[in-house]
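Have a look at start.cif; it's mmCIF, C-alpha atoms and all ligand atoms:
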data_final
#
loop_
_atom_site.group_PDB
_atom_site.id
_atom_site.type_symbol
_atom_site.label_atom_id
_atom_site.label_comp_id
_atom_site.auth_asym_id
_atom_site.auth_seq_id
_atom_site.Cartn_x
_atom_site.Cartn_y
_atom_site.Cartn_z
ATOM 1 C CA MET A 1 77.992 66.006 50.150
ATOM 2 C CA ARG A 2 78.107 69.504 48.845
ATOM 3 C CA LYS A 3 81.377 71.388 48.877
ATOM 4 C CA ASN A 4 82.359 74.779 50.183
ATOM 5 C CA ILE A 5 83.857 76.864 47.389
ATOM 6 C CA VAL A 6 85.435 80.298 47.233
ATOM 7 C CA ALA A 7 85.940 81.406 43.630
ATOM 8 C CA GLY A 8 87.560 84.613 42.422
ATOM 9 C CA ASN A 9 86.081 86.038 39.227
ATOM 10 C CA TRP A 10 88.812 88.327 37.934
ATOM 11 C CA LYS A 11 86.597 89.590 35.088
ATOM 12 C CA MET A 12 88.496 91.708 32.490
ATOM 13 C CA ASN A 13 91.039 93.065 34.960
ATOM 14 C CA CYS A 14 94.326 91.192 34.717
ATOM 15 C CA ASP A 15 96.760 90.972 31.813
ATOM 16 C CA LEU A 16 99.473 88.311 31.917
ATOM 17 C CA PRO A 17 101.971 90.129 34.199
ATOM 18 C CA MET A 18 99.150 91.006 36.610
ATOM 19 C CA THR A 19 97.881 87.432 36.523
ATOM 20 C CA GLN A 20 101.326 86.104 37.318
ATOM 21 C CA THR A 21 101.854 88.606 40.132
ATOM 22 C CA LEU A 22 98.472 87.862 41.703
ATOM 23 C CA ILE A 23 99.079 84.116 41.535
ATOM 24 C CA SER A 24 102.492 84.429 43.118
ATOM 25 C CA GLU A 25 100.993 86.535 45.918
ATOM 26 C CA LEU A 26 98.277 83.937 46.425
ATOM 27 C CA LYS A 27 100.897 81.187 46.579
ATOM 28 C CA LYS A 28 102.887 83.136 49.154
ATOM 29 C CA GLY A 29 99.839 83.684 51.352
ATOM 30 C CA LEU A 30 98.306 80.244 50.936
ATOM 31 C CA GLN A 31 97.992 78.227 54.123
ATOM 32 C CA THR A 32 97.903 74.467 54.185
ATOM 33 C CA ASP A 33 94.327 73.895 55.185
ATOM 34 C CA TYR A 34 91.199 75.633 53.982
ATOM 35 C CA ASN A 35 87.741 74.275 54.562
ATOM 36 C CA CYS A 36 86.815 75.083 50.971
ATOM 37 C CA GLU A 37 87.879 74.631 47.379
ATOM 38 C CA ILE A 38 89.657 77.694 46.015
ATOM 39 C CA MET A 39 89.187 78.755 42.399
ATOM 40 C CA ILE A 40 90.353 81.681 40.313
ATOM 41 C CA ALA A 41 88.946 82.763 36.952
ATOM 42 C CA PRO A 42 91.532 84.721 34.930
ATOM 43 C CA SER A 43 90.819 85.959 31.409
ATOM 44 C CA HIS A 44 91.048 83.485 28.536
ATOM 45 C CA PRO A 45 94.595 84.371 27.313
ATOM 46 C CA CYS A 46 95.940 83.847 30.832
ATOM 47 C CA LEU A 47 94.292 80.493 31.557
ATOM 48 C CA TYR A 48 97.141 78.275 30.424
ATOM 49 C CA PRO A 49 99.917 80.182 32.214
ATOM 50 C CA ALA A 50 97.671 80.349 35.291
ATOM 51 C CA PHE A 51 97.019 76.618 35.087
ATOM 52 C CA ASN A 52 100.760 75.916 34.914
ATOM 53 C CA SER A 53 101.590 78.291 37.767
ATOM 54 C CA THR A 54 99.049 76.691 40.097
ATOM 55 C CA LEU A 55 99.792 73.025 39.391
ATOM 56 C CA ASP A 56 101.528 72.612 42.736
ATOM 57 C CA THR A 57 98.735 74.316 44.691
ATOM 58 C CA PRO A 58 95.121 73.556 45.657
ATOM 59 C CA ILE A 59 93.968 76.486 43.480
ATOM 60 C CA GLU A 60 91.796 75.489 40.516
ATOM 61 C CA VAL A 61 91.860 77.691 37.430
ATOM 62 C CA VAL A 62 88.419 78.141 35.880
ATOM 63 C CA ALA A 63 87.117 80.021 32.829
ATOM 64 C CA GLN A 64 84.733 82.979 32.827
ATOM 65 C CA ASN A 65 82.786 81.982 29.734
ATOM 66 C CA VAL A 66 82.630 79.440 26.909
ATOM 67 C CA SER A 67 80.917 78.984 23.555
ATOM 68 C CA GLU A 68 77.958 76.649 23.147
ATOM 69 C CA GLN A 69 79.352 75.713 19.718
ATOM 70 C CA GLU A 70 81.679 72.758 19.278
ATOM 71 C CA LYS A 71 84.043 74.238 16.662
ATOM 72 C CA GLY A 72 84.232 76.100 13.381
ATOM 73 C CA ALA A 73 83.498 79.548 11.995
ATOM 74 C CA PHE A 74 82.683 81.392 15.230
ATOM 75 C CA THR A 75 85.180 84.264 15.223
ATOM 76 C CA GLY A 76 86.297 85.293 18.667
ATOM 77 C CA GLU A 77 84.696 82.393 20.498
ATOM 78 C CA VAL A 78 86.419 79.821 22.712
ATOM 79 C CA SER A 79 85.239 76.206 22.764
ATOM 80 C CA ILE A 80 84.923 73.703 25.574
ATOM 81 C CA ASP A 81 87.628 71.533 23.962
ATOM 82 C CA MET A 82 89.979 74.535 23.880
ATOM 83 C CA LEU A 83 89.439 75.175 27.580
ATOM 84 C CA GLN A 84 89.952 71.518 28.410
ATOM 85 C CA SER A 85 93.136 71.439 26.314
ATOM 86 C CA VAL A 86 94.686 74.046 28.632
ATOM 87 C CA GLY A 87 93.675 72.234 31.798
ATOM 88 C CA VAL A 88 90.393 73.972 32.589
ATOM 89 C CA LYS A 89 87.722 71.740 34.116
ATOM 90 C CA THR A 90 85.211 74.324 35.347
ATOM 91 C CA VAL A 91 83.497 77.240 33.620
ATOM 92 C CA ILE A 92 81.324 80.118 34.811
ATOM 93 C CA ILE A 93 78.151 80.400 32.721
ATOM 94 C CA GLY A 94 75.425 83.033 32.827
ATOM 95 C CA HIS A 95 77.112 85.807 34.769
ATOM 96 C CA SER A 96 74.801 88.846 34.832
ATOM 97 C CA GLU A 97 77.450 90.820 32.916
ATOM 98 C CA ARG A 98 77.148 88.269 30.089
ATOM 99 C CA ARG A 99 73.357 88.374 30.286
ATOM 100 C CA ASP A 100 73.106 92.181 30.441
ATOM 101 C CA SER A 101 76.037 93.447 28.344
ATOM 102 C CA TYR A 102 76.220 90.672 25.747
ATOM 103 C CA GLY A 103 72.572 89.721 25.471
ATOM 104 C CA GLU A 104 73.054 86.121 26.577
ATOM 105 C CA THR A 105 69.568 84.660 26.828
ATOM 106 C CA ASP A 106 68.248 81.834 28.967
ATOM 107 C CA GLU A 107 68.155 79.673 25.824
ATOM 108 C CA LEU A 108 71.793 80.380 24.967
ATOM 109 C CA LEU A 109 72.854 79.721 28.561
ATOM 110 C CA ALA A 110 70.954 76.430 28.549
ATOM 111 C CA ALA A 111 72.824 75.447 25.361
ATOM 112 C CA LYS A 112 76.180 76.406 26.882
ATOM 113 C CA THR A 113 75.439 74.514 30.074
ATOM 114 C CA ILE A 114 74.361 71.268 28.449
ATOM 115 C CA ALA A 115 77.305 71.374 26.029
ATOM 116 C CA ALA A 116 79.783 71.911 28.873
ATOM 117 C CA VAL A 117 78.267 69.275 31.137
ATOM 118 C CA GLU A 118 78.133 66.699 28.339
ATOM 119 C CA LYS A 119 81.865 67.217 27.795
ATOM 120 C CA GLY A 120 82.504 66.575 31.482
ATOM 121 C CA MET A 121 82.985 70.155 32.631
ATOM 122 C CA ARG A 122 81.820 71.478 35.950
ATOM 123 C CA VAL A 123 79.614 74.555 35.529
ATOM 124 C CA ILE A 124 79.195 77.475 37.908
ATOM 125 C CA PHE A 125 75.781 78.681 36.779
ATOM 126 C CA CYS A 126 74.981 82.271 37.773
ATOM 127 C CA CYS A 127 71.572 83.715 38.472
ATOM 128 C CA GLY A 128 70.316 86.851 40.166
ATOM 129 C CA GLU A 129 67.751 89.606 40.014
ATOM 130 C CA HIS A 130 67.954 93.340 39.280
ATOM 131 C CA LEU A 131 67.031 95.921 41.895
ATOM 132 C CA ASP A 132 63.601 96.742 40.428
ATOM 133 C CA VAL A 133 62.693 93.065 40.567
ATOM 134 C CA ARG A 134 63.679 92.831 44.225
ATOM 135 C CA LYS A 135 61.794 96.023 45.052
ATOM 136 C CA ALA A 136 58.699 94.577 43.397
ATOM 137 C CA GLY A 137 59.091 91.402 45.470
ATOM 138 C CA ASN A 138 59.526 89.147 42.426
ATOM 139 C CA HIS A 139 63.121 88.072 43.111
ATOM 140 C CA VAL A 140 62.423 84.428 43.926
ATOM 141 C CA SER A 141 60.291 83.852 40.832
ATOM 142 C CA VAL A 142 62.828 85.559 38.551
ATOM 143 C CA VAL A 143 65.761 83.575 39.931
ATOM 144 C CA THR A 144 63.959 80.237 39.905
ATOM 145 C CA SER A 145 62.873 80.937 36.335
ATOM 146 C CA GLN A 146 66.519 81.544 35.344
ATOM 147 C CA ILE A 147 67.413 78.218 36.959
ATOM 148 C CA GLU A 148 64.535 76.366 35.347
ATOM 149 C CA LYS A 149 65.353 77.693 31.881
ATOM 150 C CA GLY A 150 69.113 77.336 32.215
ATOM 151 C CA LEU A 151 69.469 74.056 34.071
ATOM 152 C CA PHE A 152 66.381 71.909 34.114
ATOM 153 C CA GLN A 153 67.205 70.146 30.869
ATOM 154 C CA LEU A 154 69.971 68.393 32.830
ATOM 155 C CA SER A 155 69.452 64.991 34.422
ATOM 156 C CA ALA A 156 69.909 64.510 38.164
ATOM 157 C CA ALA A 157 73.241 62.806 37.420
ATOM 158 C CA GLN A 158 74.365 65.782 35.313
ATOM 159 C CA MET A 159 73.356 68.164 38.097
ATOM 160 C CA GLU A 160 76.254 66.706 40.114
ATOM 161 C CA GLN A 161 78.492 68.792 37.822
ATOM 162 C CA VAL A 162 76.666 72.033 38.563
ATOM 163 C CA VAL A 163 77.355 74.692 41.161
ATOM 164 C CA ILE A 164 74.864 77.557 41.393
ATOM 165 C CA ALA A 165 75.997 81.112 42.128
ATOM 166 C CA TYR A 166 73.303 83.501 43.318
ATOM 167 C CA GLU A 167 74.472 87.020 42.498
ATOM 168 C CA PRO A 168 71.891 89.765 43.015
ATOM 169 C CA VAL A 169 72.776 92.292 40.317
ATOM 170 C CA TRP A 170 72.239 95.223 42.693
ATOM 171 C CA ALA A 171 75.017 93.887 44.930
ATOM 172 C CA ILE A 172 77.647 93.343 42.216
ATOM 173 C CA GLY A 173 80.478 95.863 42.351
ATOM 174 C CA THR A 174 78.284 98.295 44.280
ATOM 175 C CA GLY A 175 79.646 97.759 47.770
ATOM 176 C CA GLU A 176 76.092 96.910 48.778
ATOM 177 C CA THR A 177 75.816 93.310 49.951
ATOM 178 C CA ALA A 178 72.717 91.238 50.394
ATOM 179 C CA SER A 179 72.244 90.737 54.112
ATOM 180 C CA PRO A 180 73.095 87.240 55.335
ATOM 181 C CA GLU A 181 69.328 86.723 55.815
ATOM 182 C CA GLN A 182 68.526 87.829 52.248
ATOM 183 C CA ALA A 183 71.212 85.465 50.934
ATOM 184 C CA GLN A 184 69.971 82.600 53.110
ATOM 185 C CA ASP A 185 66.336 83.132 52.075
ATOM 186 C CA MET A 186 67.198 82.999 48.376
ATOM 187 C CA HIS A 187 69.574 80.051 48.744
ATOM 188 C CA ALA A 188 66.917 78.117 50.659
ATOM 189 C CA ALA A 189 64.353 78.950 47.948
ATOM 190 C CA ILE A 190 66.770 77.730 45.253
ATOM 191 C CA ARG A 191 67.466 74.525 47.167
ATOM 192 C CA SER A 192 63.786 73.848 47.636
ATOM 193 C CA PHE A 193 63.216 74.481 43.910
ATOM 194 C CA LEU A 194 65.948 71.918 43.134
ATOM 195 C CA LYS A 195 64.336 69.479 45.542
ATOM 196 C CA ASP A 196 60.957 69.760 43.799
ATOM 197 C CA LYS A 197 62.555 68.972 40.444
ATOM 198 C CA TYR A 198 65.342 66.525 41.298
ATOM 199 C CA GLY A 199 64.662 65.300 44.833
ATOM 200 C CA GLU A 200 66.335 65.745 48.156
ATOM 201 C CA MET A 201 69.687 64.194 47.307
ATOM 202 C CA THR A 202 70.430 66.514 44.381
ATOM 203 C CA ALA A 203 69.201 69.510 46.374
ATOM 204 C CA ASN A 204 71.484 68.636 49.271
ATOM 205 C CA HIS A 205 74.472 67.903 47.034
ATOM 206 C CA THR A 206 74.364 71.139 45.041
ATOM 207 C CA SER A 207 76.703 73.882 46.234
ATOM 208 C CA ILE A 208 75.078 77.307 46.122
ATOM 209 C CA LEU A 209 77.485 80.255 46.252
ATOM 210 C CA TYR A 210 76.649 83.850 47.038
ATOM 211 C CA GLY A 211 78.195 86.672 44.979
ATOM 212 C CA GLY A 212 77.935 90.435 45.316
ATOM 213 C CA SER A 213 80.414 92.586 47.229
ATOM 214 C CA VAL A 214 81.768 89.705 49.315
ATOM 215 C CA LYS A 215 84.688 90.949 51.416
ATOM 216 C CA PRO A 216 86.658 89.681 54.403
ATOM 217 C CA ALA A 217 84.442 91.861 56.621
ATOM 218 C CA ASN A 218 81.182 90.150 55.626
ATOM 219 C CA ALA A 219 82.241 86.667 54.487
ATOM 220 C CA VAL A 220 82.102 84.963 57.893
ATOM 221 C CA GLU A 221 78.527 86.055 58.522
ATOM 222 C CA ILE A 222 77.306 85.173 55.031
ATOM 223 C CA PHE A 223 79.080 81.801 54.866
ATOM 224 C CA ALA A 224 77.699 80.894 58.300
ATOM 225 C CA LYS A 225 74.209 80.621 56.830
ATOM 226 C CA PRO A 226 73.163 76.999 56.373
ATOM 227 C CA ASP A 227 72.372 77.181 52.651
ATOM 228 C CA VAL A 228 75.345 79.342 51.661
ATOM 229 C CA ASP A 229 78.202 77.121 50.483
ATOM 230 C CA GLY A 230 80.688 79.813 49.581
ATOM 231 C CA GLY A 231 81.227 82.842 47.433
ATOM 232 C CA LEU A 232 81.850 84.048 43.920
ATOM 233 C CA VAL A 233 84.031 87.060 44.537
ATOM 234 C CA GLY A 234 84.773 89.903 42.130
ATOM 235 C CA GLY A 235 86.600 93.005 43.374
ATOM 236 C CA ALA A 236 87.988 91.488 46.572
ATOM 237 C CA SER A 237 89.521 88.590 44.635
ATOM 238 C CA LEU A 238 91.939 90.990 42.915
ATOM 239 C CA ASP A 239 93.801 91.408 46.195
ATOM 240 C CA ALA A 240 95.510 88.222 47.379
ATOM 241 C CA THR A 241 95.242 89.061 51.073
ATOM 242 C CA SER A 242 91.514 89.836 50.862
ATOM 243 C CA PHE A 243 90.756 86.794 48.765
ATOM 244 C CA LEU A 244 92.593 84.419 51.082
ATOM 245 C CA ALA A 245 90.902 86.028 54.097
ATOM 246 C CA ILE A 246 87.555 85.245 52.449
ATOM 247 C CA ALA A 247 88.637 81.633 51.854
ATOM 248 C CA ASP A 248 89.667 81.556 55.496
ATOM 249 C CA ALA A 249 86.141 82.562 56.538
ATOM 250 C CA PHE A 250 85.108 78.887 56.477
HETATM 251 P P1 LIG A 301 81.936 91.949 43.299
HETATM 252 O O1 LIG A 301 82.453 91.013 44.357
HETATM 253 O O2 LIG A 301 82.953 92.903 42.787
HETATM 254 O O3 LIG A 301 80.663 92.610 43.743
HETATM 255 O O4 LIG A 301 81.536 91.047 42.035
HETATM 256 C C1 LIG A 301 80.758 89.920 42.213
HETATM 257 C C2 LIG A 301 80.751 89.146 40.963
HETATM 258 O O5 LIG A 301 80.202 89.585 39.959
HETATM 259 C C3 LIG A 301 81.443 87.863 40.938
HETATM 260 O O6 LIG A 301 81.131 87.138 39.799
#
Since I need it in another form, could you write the structure as structure tokens?
Ligand code: 13P
Amino acid sequence: MRKNIVAGNWKMNCDLPMTQTLISELKKGLQTDYNCEIMIAPSHPCLYPAFNSTLDTPIEVVAQNVSEQEKGAFTGEVSIDMLQSVGVKTVIIGHSERRDSYGETDELLAAKTIAAVEKGMRVIFCCGEHLDVRKAGNHVSVVTSQIEKGLFQLSAAQMEQVVIAYEPVWAIGTGETASPEQAQDMHAAIRSFLKDKYGEMTANHTSILYGGSVKPANAVEIFAKPDVDGGLVGGASLDATSFLAIADAF
């Protein structure tokens, strides 16, 4: 069955001392039982120390991005093998900041996803619409198109390695959250889209996370929706108490 997941996307916010401090605060606050998997995504240089510092905890360290290329003359890029060599088993692909600020196209994201999945990685694949798209009422078609272009080259078996994160761009870092009903409606539309392509089992097994100004104050209500399987959390994941309170929302 699908899993509940609360993942902290630390973005470009924590250098090594900050990473170590945040992890030690998380370890101090961690309780023994959460009804969800807990993940953190530090920046690339901090992945290996983060992996080592969390070995004795249920926290999984995941990467924020990866190259679609296997190896070679790609200055500044980080390969799937490199991530795996420092203990990383899951990678975020297609965050709207990668799409918007770094021009990552649907085609590139499809290449990254297939490369990662074929090497055995789990992928958190992000999708989400801009405000003008929502205002025009085209949000479902835009998001399902992102999913079709980014994921539908995968087989049903490969889809077992995929988690989808719906992150409406207008709710990221803005303090404005999608209402629980807006999140539920989109998650249900995504699940039904998966069902049409892959069948009921894949649709029911795929975790779909919501991201966009998730905080302790709204997590319970959002996570209570039947098609919301957790959250991809930005700002609130930089504070150990807030992040653990969100994990505790399940
Ligand atoms: P915020 O929680 O800061 O809105 O960021 C969401 C996000 O982009 C997570 O990937």
If the box runs along x, y and z of the file and leaves 4 Å on each side of ligand LIG 301 (chain A), what are its centre and edge lengths in Å, one decimal, as AutoDock Vina command-line options?
--center_x 81.6 --center_y 90.0 --center_z 42.1 --size_x 10.8 --size_y 13.8 --size_z 12.6
Spatial neighbours of range 221-231 of chain A, max dist 6 Å, only C-alpha atoms, sep filter under 4 positions, as a list in words
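Listing them by chain and then by number gives Asn4, Ile5, Val6, Pro180, Gln184, His187, Ala188, Ser207, Ile208, Leu209, Tyr210 and Gly211 of chain A.
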What separation in Å, quoted to one decimal, exists between CA of Ser213 in chain A and CA of Thr174 in chain A?
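Distance between the two atoms: 6.8 Å.
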For ligand LIG 301 (chain A), return the neighbouring residues as a PDB file with C-alpha atoms, in the frame of the given file (distance at most 9 Å; all atoms listed in the file).
ATOM      1  CA  ALA A   7      85.940  81.406  43.630  1.00  0.00           C
ATOM      2  CA  GLY A   8      87.560  84.613  42.422  1.00  0.00           C
ATOM      3  CA  ASN A   9      86.081  86.038  39.227  1.00  0.00           C
ATOM      4  CA  TRP A  10      88.812  88.327  37.934  1.00  0.00           C
ATOM      5  CA  LYS A  11      86.597  89.590  35.088  1.00  0.00           C
ATOM      6  CA  GLN A  64      84.733  82.979  32.827  1.00  0.00           C
ATOM      7  CA  ILE A  92      81.324  80.118  34.811  1.00  0.00           C
ATOM      8  CA  HIS A  95      77.112  85.807  34.769  1.00  0.00           C
ATOM      9  CA  SER A  96      74.801  88.846  34.832  1.00  0.00           C
ATOM     10  CA  GLU A  97      77.450  90.820  32.916  1.00  0.00           C
ATOM     11  CA  CYS A 126      74.981  82.271  37.773  1.00  0.00           C
ATOM     12  CA  ALA A 165      75.997  81.112  42.128  1.00  0.00           C
ATOM     13  CA  GLU A 167      74.472  87.020  42.498  1.00  0.00           C
ATOM     14  CA  PRO A 168      71.891  89.765  43.015  1.00  0.00           C
ATOM     15  CA  VAL A 169      72.776  92.292  40.317  1.00  0.00           C
ATOM     16  CA  TRP A 170      72.239  95.223  42.693  1.00  0.00           C
ATOM     17  CA  ALA A 171      75.017  93.887  44.930  1.00  0.00           C
ATOM     18  CA  ILE A 172      77.647  93.343  42.216  1.00  0.00           C
ATOM     19  CA  GLY A 173      80.478  95.863  42.351  1.00  0.00           C
ATOM     20  CA  THR A 174      78.284  98.295  44.280  1.00  0.00           C
ATOM     21  CA  GLY A 175      79.646  97.759  47.770  1.00  0.00           C
ATOM     22  CA  GLU A 176      76.092  96.910  48.778  1.00  0.00           C
ATOM     23  CA  THR A 177      75.816  93.310  49.951  1.00  0.00           C
ATOM     24  CA  TYR A 210      76.649  83.850  47.038  1.00  0.00           C
ATOM     25  CA  GLY A 211      78.195  86.672  44.979  1.00  0.00           C
ATOM     26  CA  GLY A 212      77.935  90.435  45.316  1.00  0.00           C
ATOM     27  CA  SER A 213      80.414  92.586  47.229  1.00  0.00           C
ATOM     28  CA  VAL A 214      81.768  89.705  49.315  1.00  0.00           C
ATOM     29  CA  LYS A 215      84.688  90.949  51.416  1.00  0.00           C
ATOM     30  CA  GLY A 231      81.227  82.842  47.433  1.00  0.00           C
ATOM     31  CA  LEU A 232      81.850  84.048  43.920  1.00  0.00           C
ATOM     32  CA  VAL A 233      84.031  87.060  44.537  1.00  0.00           C
ATOM     33  CA  GLY A 234      84.773  89.903  42.130  1.00  0.00           C
ATOM     34  CA  GLY A 235      86.600  93.005  43.374  1.00  0.00           C
ATOM     35  CA  ALA A 236      87.988  91.488  46.572  1.00  0.00           C
ATOM     36  CA  SER A 237      89.521  88.590  44.635  1.00  0.00           C
TER      37      SER A 237
END
Could you tell me how far CA of Arg191 in chain A lies from CA of Ala203 in chain A, in Å and to one decimal?
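Taking CA of Arg191 in chain A as the start and CA of Ala203 in chain A as the end point, the length is 5.4 Å.
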Hey, can you check how far CA of Gly120 in chain A sits from CA of Cys46 in chain A?
21.9 Å
I need the residue nearest Met1 in chain A from this list: A:Thr19, A:Lys135, A:Ser242, A:Thr206. Use all atoms listed in the file for the distance.
A:Thr206
